Amino acid sequence: MSGFVEKPEPVQVPGLVHLHTGKVRELYQNAAGDLVMVASDRISAYDWVLPTEIPDKGRILTQLSLWWFDQLADLVPGHVLSTELPAGAPADWRGRTLVCKSLRMVPVECVARGYLTGSGLVEYNASRTVCGLALPEGLVDGSELPAPIFTPATKAAVGDHDENVSYEEVARQVGADTAAQLRQATLAVYSRGRDIARDRGILLADTKFEFGFDGDDLVLADEVLTPDSSRFWPADDWQPGRAQPSYDKQFVRDWLTSPASGWDRAAEQPPPALPDEVVEATRGKYVEAYERLTGVRWN
């Protein structure tokens, strides 16, 4: 059992039709047929959307994605049309709302990995492969890969795990031409993001993207290179052979799996509310990632 501990009721706004409640984002459609994405302050861990929010998280994710879309515009177009607040929308949507093109979305999580960790490490330890790609012997948790790799996954519903699949399976599902486009764009965007982050003292271990088509044109959608969609590691603390400190929800995961939470992850009970100190520490990591990457002070 997993999903929302407390599923929120979407805000009703005249002129907008609510389409979907995701782990973090609410999705609407306006009268012109454009999508309106609103990033909340919700946070998820272990396939649960937790009952406690992280202040400013939605605005940080939105503003960081906008910054990255600018950095990547020469590689692949982004889906953002406007950041203007829709008429009648709540004031607290400001800074976390994007009006976007309605795309024909590709049903694949496009994952790029430059370092070995997470589910990739689990597969590597079992077979010396990741998504069917052979890797050299001797790699450990946190090892830099010889070159970035495209390791796609299926898109899962809220509360379910994405499942790694092979490139051949993606080609079977979406066609060889589309699969090739996805791989090329994913690795190009990852490489640009990796180089920019490295210049700022951050290692981009892995990340996931979503793409859609606007006519025949491949377009980068959803969020881009945020702490929710990426593993960011401080470069000066990188030490292969162990879990790396990261700019994400690690404080939340660590507390949930500690005796202090009293939560049994294997049981079917939802996780408890987060204590104030975990909320503040997690918010601090999101702010730090934004400031180090963009060079702009968060306010």
# chains A, B, ... in the order shown; residues from 1 in each chain; ligands from 1

call {"tool": "residues_around", "arguments": {"residues": "stretch 56-71 of chain A", "least_positions_apart": "5", "cutoff": "8 Å", "atoms": "only C-alpha atoms", "output": "ChimeraX atom specification"}}
result
/A:24,38-42,77-78,95-98,223-228,283,286-287,290,294

call {"tool": "select_by_dssp", "arguments": {"residues": "stretch 34-283 of chain A", "states": "strand (DSSP E)", "output": "number ranges by chain"}}
result
A: 35-39, 44-45, 48-49, 80-82, 97-100, 104-105, 108-115, 129-130, 133-134, 144-150, 153-154, 163-164, 202-214, 217-221, 230-234

call {"tool": "closest_atom_pairs", "arguments": {"of": "stretch 150-180 of chain A", "to": "stretch 122-145 of chain A", "cutoff": "8 Å", "atoms": "only C-alpha atoms", "output": "JSON lines"}}
result
{"residue": "A:Thr151", "atom": "CA", "partner": "A:Cys131", "partner_atom": "CA", "distance": 5.6}
{"residue": "A:Pro152", "atom": "CA", "partner": "A:Cys131", "partner_atom": "CA", "distance": 7.5}
{"residue": "A:Asn164", "atom": "CA", "partner": "A:Cys131", "partner_atom": "CA", "distance": 6.2}
{"residue": "A:Val165", "atom": "CA", "partner": "A:Cys131", "partner_atom": "CA", "distance": 5.6}
{"residue": "A:Ser166", "atom": "CA", "partner": "A:Cys131", "partner_atom": "CA", "distance": 4.8}
{"residue": "A:Tyr167", "atom": "CA", "partner": "A:Cys131", "partner_atom": "CA", "distance": 7.4}

call {"tool": "write_last_selection", "arguments": {"atoms": "all heavy atoms", "output": "mmCIF file, in the first residue's frame"}}
result
data_model
loop_
_atom_site.group_PDB
_atom_site.id
_atom_site.type_symbol
_atom_site.label_atom_id
_atom_site.label_comp_id
_atom_site.auth_asym_id
_atom_site.auth_seq_id
_atom_site.Cartn_x
_atom_site.Cartn_y
_atom_site.Cartn_z
ATOM 1 N N THR A 151 19.231 5.238 -19.490
ATOM 2 C CA THR A 151 18.632 4.091 -18.810
ATOM 3 C C THR A 151 17.150 4.376 -18.564
ATOM 4 O O THR A 151 16.765 4.786 -17.484
ATOM 5 C CB THR A 151 19.346 3.786 -17.486
ATOM 6 O OG1 THR A 151 19.293 4.940 -16.637
ATOM 7 C CG2 THR A 151 20.803 3.430 -17.740
ATOM 8 N N PRO A 152 16.314 4.177 -19.556
ATOM 9 C CA PRO A 152 14.908 4.579 -19.454
ATOM 10 C C PRO A 152 14.124 3.735 -18.463
ATOM 11 O O PRO A 152 14.557 2.662 -18.033
ATOM 12 C CB PRO A 152 14.395 4.369 -20.880
ATOM 13 C CG PRO A 152 15.302 3.319 -21.450
ATOM 14 C CD PRO A 152 16.642 3.555 -20.840
ATOM 15 N N ASN A 164 12.771 0.111 -14.504
ATOM 16 C CA ASN A 164 13.798 0.236 -15.536
ATOM 17 C C ASN A 164 13.519 -0.726 -16.682
ATOM 18 O O ASN A 164 13.125 -1.874 -16.466
ATOM 19 C CB ASN A 164 15.180 -0.063 -14.956
ATOM 20 C CG ASN A 164 15.632 0.989 -13.962
ATOM 21 O OD1 ASN A 164 15.041 2.060 -13.861
ATOM 22 N ND2 ASN A 164 16.674 0.684 -13.215
ATOM 23 N N VAL A 165 13.744 -0.247 -17.909
ATOM 24 C CA VAL A 165 13.559 -1.086 -19.095
ATOM 25 C C VAL A 165 14.749 -0.880 -20.026
ATOM 26 O O VAL A 165 15.503 0.077 -19.889
ATOM 27 C CB VAL A 165 12.246 -0.749 -19.849
ATOM 28 C CG1 VAL A 165 11.038 -1.093 -19.006
ATOM 29 C CG2 VAL A 165 12.210 0.715 -20.277
ATOM 30 N N SER A 166 14.904 -1.758 -20.979
ATOM 31 C CA SER A 166 16.005 -1.649 -21.927
ATOM 32 C C SER A 166 15.665 -0.655 -23.033
ATOM 33 O O SER A 166 14.498 -0.331 -23.278
ATOM 34 C CB SER A 166 16.300 -3.015 -22.561
ATOM 35 O OG SER A 166 15.211 -3.410 -23.389
ATOM 36 N N TYR A 167 16.697 -0.197 -23.712
ATOM 37 C CA TYR A 167 16.500 0.677 -24.867
ATOM 38 C C TYR A 167 15.679 -0.041 -25.935
ATOM 39 O O TYR A 167 14.804 0.562 -26.576
ATOM 40 C CB TYR A 167 17.857 1.087 -25.432
ATOM 41 C CG TYR A 167 17.755 1.933 -26.683
ATOM 42 C CD1 TYR A 167 17.442 3.288 -26.601
ATOM 43 C CD2 TYR A 167 17.968 1.377 -27.947
ATOM 44 C CE1 TYR A 167 17.338 4.062 -27.745
ATOM 45 C CE2 TYR A 167 17.873 2.143 -29.090
ATOM 46 C CZ TYR A 167 17.557 3.487 -28.990
ATOM 47 O OH TYR A 167 17.451 4.256 -30.122
#

call {"tool": "closest_residue", "arguments": {"among": "A:Ala112, A:Ala221, A:Ala188, A:Leu274", "to": "A:Val80", "atoms": "only C-alpha atoms"}}
result
A:Ala221

call {"tool": "residues_around", "arguments": {"residues": "A:Phe4", "least_positions_apart": "6", "cutoff": "9 Å", "atoms": "only C-alpha atoms", "output": "PyMOL selection string"}}
result
chain A and resi 23+44+47-51+158-159+270

call {"tool": "write_last_selection", "arguments": {"atoms": "N, CA, C and O atoms", "output": "PDB file, in the first residue's frame"}}
result
ATOM      1  N   LYS A  23       2.216  13.703  -7.590  1.00  0.00           N
ATOM      2  CA  LYS A  23       2.899  13.706  -6.297  1.00  0.00           C
ATOM      3  C   LYS A  23       3.170  15.127  -5.821  1.00  0.00           C
ATOM      4  O   LYS A  23       3.027  15.439  -4.638  1.00  0.00           O
ATOM      5  N   SER A  44       7.530  13.577  -1.386  1.00  0.00           N
ATOM      6  CA  SER A  44       7.261  12.136  -1.348  1.00  0.00           C
ATOM      7  C   SER A  44       8.529  11.392  -0.960  1.00  0.00           C
ATOM      8  O   SER A  44       9.647  11.871  -1.162  1.00  0.00           O
ATOM      9  N   ASP A  47       7.587   6.001  -2.044  1.00  0.00           N
ATOM     10  CA  ASP A  47       6.327   5.845  -2.764  1.00  0.00           C
ATOM     11  C   ASP A  47       5.119   6.403  -2.015  1.00  0.00           C
ATOM     12  O   ASP A  47       3.978   6.183  -2.419  1.00  0.00           O
ATOM     13  N   TRP A  48       5.361   7.155  -0.945  1.00  0.00           N
ATOM     14  CA  TRP A  48       4.292   7.851  -0.236  1.00  0.00           C
ATOM     15  C   TRP A  48       4.429   9.354  -0.451  1.00  0.00           C
ATOM     16  O   TRP A  48       5.528   9.895  -0.388  1.00  0.00           O
ATOM     17  N   VAL A  49       3.303  10.028  -0.666  1.00  0.00           N
ATOM     18  CA  VAL A  49       3.270  11.481  -0.598  1.00  0.00           C
ATOM     19  C   VAL A  49       2.946  11.829   0.849  1.00  0.00           C
ATOM     20  O   VAL A  49       1.881  11.472   1.369  1.00  0.00           O
ATOM     21  N   LEU A  50       3.873  12.504   1.500  1.00  0.00           N
ATOM     22  CA  LEU A  50       3.804  12.678   2.948  1.00  0.00           C
ATOM     23  C   LEU A  50       2.779  13.742   3.351  1.00  0.00           C
ATOM     24  O   LEU A  50       2.443  14.626   2.555  1.00  0.00           O
ATOM     25  N   PRO A  51       2.325  13.690   4.614  1.00  0.00           N
ATOM     26  CA  PRO A  51       1.328  14.672   5.058  1.00  0.00           C
ATOM     27  C   PRO A  51       1.925  16.037   5.377  1.00  0.00           C
ATOM     28  O   PRO A  51       1.184  17.009   5.531  1.00  0.00           O
ATOM     29  N   VAL A 158       0.993   7.274  -9.234  1.00  0.00           N
ATOM     30  CA  VAL A 158       1.353   7.699  -7.883  1.00  0.00           C
ATOM     31  C   VAL A 158       1.266   6.508  -6.949  1.00  0.00           C
ATOM     32  O   VAL A 158       0.271   5.781  -6.913  1.00  0.00           O
ATOM     33  N   GLY A 159       2.339   6.287  -6.170  1.00  0.00           N
ATOM     34  CA  GLY A 159       2.376   5.170  -5.239  1.00  0.00           C
ATOM     35  C   GLY A 159       3.051   3.934  -5.782  1.00  0.00           C
ATOM     36  O   GLY A 159       3.292   2.992  -5.033  1.00  0.00           O
ATOM     37  N   PRO A 270       0.614   4.222   6.747  1.00  0.00           N
ATOM     38  CA  PRO A 270       1.234   5.402   6.141  1.00  0.00           C
ATOM     39  C   PRO A 270       2.271   6.007   7.070  1.00  0.00           C
ATOM     40  O   PRO A 270       2.192   5.845   8.298  1.00  0.00           O
TER      41      PRO A 270
END

call {"tool": "closest_residue", "arguments": {"among": "A:Leu203, A:Arg113, A:Pro259, A:Gln239", "to": "A:Leu187", "atoms": "only C-alpha atoms"}}
result
A:Arg113
